[in-house]
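**Q** Provided below: start-v5.cif, containing mmCIF, C-alpha atoms and all ligand atoms.
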```cif
data_run
#
loop_
_atom_site.group_PDB
_atom_site.id
_atom_site.type_symbol
_atom_site.label_atom_id
_atom_site.label_comp_id
_atom_site.auth_asym_id
_atom_site.auth_seq_id
_atom_site.Cartn_x
_atom_site.Cartn_y
_atom_site.Cartn_z
ATOM 1 C CA MET A 1 0.000 0.000 0.000
ATOM 2 C CA LYS A 2 1.401 3.370 -1.002
ATOM 3 C CA THR A 3 0.362 6.838 0.079
ATOM 4 C CA MET A 4 0.103 10.038 -1.925
ATOM 5 C CA THR A 5 -1.549 13.308 -1.015
ATOM 6 C CA CYS A 6 -4.148 15.259 -2.906
ATOM 7 C CA LYS A 7 -1.527 17.976 -3.489
ATOM 8 C CA GLN A 8 0.964 15.494 -4.921
ATOM 9 C CA LEU A 9 -1.671 14.475 -7.443
ATOM 10 C CA GLY A 10 -2.421 17.960 -8.666
ATOM 11 C CA GLY A 11 -5.036 18.717 -6.020
ATOM 12 C CA ALA A 12 -5.186 21.310 -3.294
ATOM 13 C CA CYS A 13 -5.166 19.703 0.170
ATOM 14 C CA ASP A 14 -3.207 17.255 2.290
ATOM 15 C CA LYS A 15 -5.737 14.437 2.186
ATOM 16 C CA GLU A 16 -3.944 11.120 1.861
ATOM 17 C CA PHE A 17 -4.887 8.390 -0.586
ATOM 18 C CA HIS A 18 -3.796 4.796 -0.095
ATOM 19 C CA ALA A 19 -3.552 2.415 -3.033
ATOM 20 C CA ASN A 20 -1.575 -0.516 -4.375
ATOM 21 C CA THR A 21 -1.461 0.623 -7.974
ATOM 22 C CA PHE A 22 -1.084 3.968 -9.650
ATOM 23 C CA GLU A 23 -4.390 3.473 -11.487
ATOM 24 C CA GLU A 24 -6.163 2.978 -8.167
ATOM 25 C CA MET A 25 -4.426 6.068 -6.801
ATOM 26 C CA ALA A 26 -5.491 8.191 -9.761
ATOM 27 C CA GLU A 27 -9.053 6.917 -9.366
ATOM 28 C CA LEU A 28 -9.162 7.852 -5.657
ATOM 29 C CA SER A 29 -7.790 11.278 -6.393
ATOM 30 C CA LYS A 30 -10.341 11.785 -9.170
ATOM 31 C CA LYS A 31 -13.204 10.762 -6.896
ATOM 32 C CA HIS A 32 -12.030 13.141 -4.192
ATOM 33 C CA ALA A 33 -11.657 15.967 -6.715
ATOM 34 C CA MET A 34 -15.231 15.402 -7.899
ATOM 35 C CA GLU A 35 -16.495 15.532 -4.305
ATOM 36 C CA MET A 36 -14.635 18.756 -3.666
ATOM 37 C CA PHE A 37 -15.936 20.115 -6.970
ATOM 38 C CA GLN A 38 -19.522 19.376 -5.958
ATOM 39 C CA MET A 39 -18.940 21.105 -2.637
ATOM 40 C CA GLY A 40 -17.643 24.104 -4.527
ATOM 41 C CA ASP A 41 -14.294 24.089 -2.725
ATOM 42 C CA GLU A 42 -12.413 27.049 -4.139
ATOM 43 C CA ALA A 43 -8.880 25.703 -3.766
ATOM 44 C CA HIS A 44 -9.807 22.483 -5.541
ATOM 45 C CA LEU A 45 -11.695 24.318 -8.276
ATOM 46 C CA LYS A 46 -8.556 26.313 -8.948
ATOM 47 C CA ALA A 47 -6.411 23.183 -8.980
ATOM 48 C CA MET A 48 -8.856 21.486 -11.341
ATOM 49 C CA ASN A 49 -8.765 24.458 -13.687
ATOM 50 C CA GLU A 50 -5.015 24.152 -13.820
ATOM 51 C CA MET A 51 -5.299 20.449 -14.564
ATOM 52 C CA GLN A 52 -7.765 21.194 -17.340
ATOM 53 C CA GLU A 53 -5.302 23.633 -18.873
ATOM 54 C CA LEU A 54 -2.702 20.892 -18.771
ATOM 55 C CA MET A 55 -5.087 18.401 -20.364
ATOM 56 C CA LYS A 56 -5.486 20.613 -23.413
ATOM 57 C CA SER A 57 -2.125 19.293 -24.487
ATOM 58 C CA PRO A 58 -2.070 15.487 -24.695
ATOM 59 C CA GLU A 59 1.705 15.653 -24.618
ATOM 60 C CA SER A 60 1.991 17.499 -21.307
ATOM 61 C CA MET A 61 -0.804 15.372 -19.870
ATOM 62 C CA LYS A 62 1.111 12.215 -20.756
ATOM 63 C CA GLU A 63 4.252 13.676 -19.277
ATOM 64 C CA TRP A 64 2.438 14.658 -16.078
ATOM 65 C CA PHE A 65 1.054 11.141 -15.632
ATOM 66 C CA ALA A 66 4.424 9.569 -16.399
ATOM 67 C CA ASN A 67 6.046 11.738 -13.740
ATOM 68 C CA LYS A 68 3.410 10.906 -11.144
ATOM 69 C CA ARG A 69 3.688 7.230 -11.955
ATOM 70 C CA LYS A 70 7.438 7.459 -11.475
ATOM 71 C CA GLU A 71 6.903 9.172 -8.124
ATOM 72 C CA PHE A 72 4.493 6.401 -7.167
ATOM 73 C CA ASP A 73 6.829 3.626 -8.299
ATOM 74 C CA ALA A 74 9.779 5.185 -6.455
ATOM 75 C CA MET A 75 7.941 4.875 -3.136
ATOM 76 C CA THR A 76 8.608 1.920 -0.947
HETATM 77 ZN ZN ZN A 101 -7.990 17.587 -1.833
#
```
Please lay out the structure from this file as structure tokens.
**A**
Amino acid sequence: MKTMTCKQLGGACDKEFHANTFEEMAELSKKHAMEMFQMGDEAHLKAMNEMQELMKSPESMKEWFANKRKEFDAMT
């Protein structure tokens, strides 16, 4: 089980996610982001806007995911 924070995954708070795979981790982070979005949390809305900017370029999106995956894999 590995731990990453919302912030580490492009979010806005220190909430910790625990998962065995990077896919699972990304899914948890996405779910949390959606919850925060529905609550209208300003910090998360801002973070999500930034992510959406990033997603406009498939290249930088791929790079971002590759980096996060590396970070995840490097954890023990
Ligand atoms: Zn968060």
**Q** With all atoms listed in the file as the atoms that count, which of A:Lys30, A:Lys70, A:Lys2, A:His44 lies nearest to ligand ZN 101 (chain A)?
**A**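 So, comparing all the options, the nearest one is A:His44.
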**Q** Taking all atoms listed in the file into account, which residues are within 6 Å of ligand ZN 101 (chain A), as a CSV table (one decimal) with C-alpha atoms, in the frame of the given file?
**A**
```csv
chain,number,residue,atom,x,y,z
A,6,CYS,CA,-4.1,15.3,-2.9
A,11,GLY,CA,-5.0,18.7,-6.0
A,12,ALA,CA,-5.2,21.3,-3.3
A,13,CYS,CA,-5.2,19.7,0.2
A,15,LYS,CA,-5.7,14.4,2.2
```
**Q** Could you tell me how far atom CA of A:Gly10 sits from atom CA of A:Trp64, in Å to one decimal place?
**A**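 Separating atom CA of A:Trp64 from atom CA of A:Gly10 is a distance of 9.5 Å.
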**Q** I need the residue nearest A:Met34 from this list: A:Ala19, A:Met75, A:Ala47, A:Met1. Use all atoms listed in the file for the distance.
**A**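 Ranking A:Ala19, A:Met75, A:Ala47, A:Met1 by distance to A:Met34, first place goes to A:Ala47.
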**Q** Which of these residues is nearest to A:Ser29, using all atoms listed in the file: A:Glu71, A:Asp14, A:Glu50, A:Glu63?
**A** A:Asp14
**Q** Work out how far apart atom CA of A:Glu16 and atom CA of A:Ala43 are and give it in Å to one decimal.
**A** 16.4 Å
**Q** Might you spell out which residues the PyMOL selection byres (((chain A and resi 17) around 6) and not hetatm) would select in the displayed file, as an MDAnalysis selection string?
**A** chainID A and resid 3:5 16 18
**Q** Please measure the separation of atom CA of A:Met48 and atom CA of A:Ala74, giving the value in Å to one decimal.
**A** 25.2 Å
**Q** If I wrap all listed atoms of stretch 29-44 of chain A in a box with edges along x, y and z and add 4 Å on each side, what are its centre and edge lengths in Å to one decimal, as lines of an AutoDock Vina configuration file?
**A**
```
center_x = -13.7
center_y = 18.9
center_z = -5.9
size_x = 19.7
size_y = 24.3
size_z = 14.5
```
**Q** Given the choices A:Glu24, A:Asn67, A:Gln38, A:Ser57, which gets closest to A:Gln8 if the distance is worked out from only C-alpha atoms?
**A**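 Residue with the minimum atom-to-atom distance to A:Gln8: A:Asn67.
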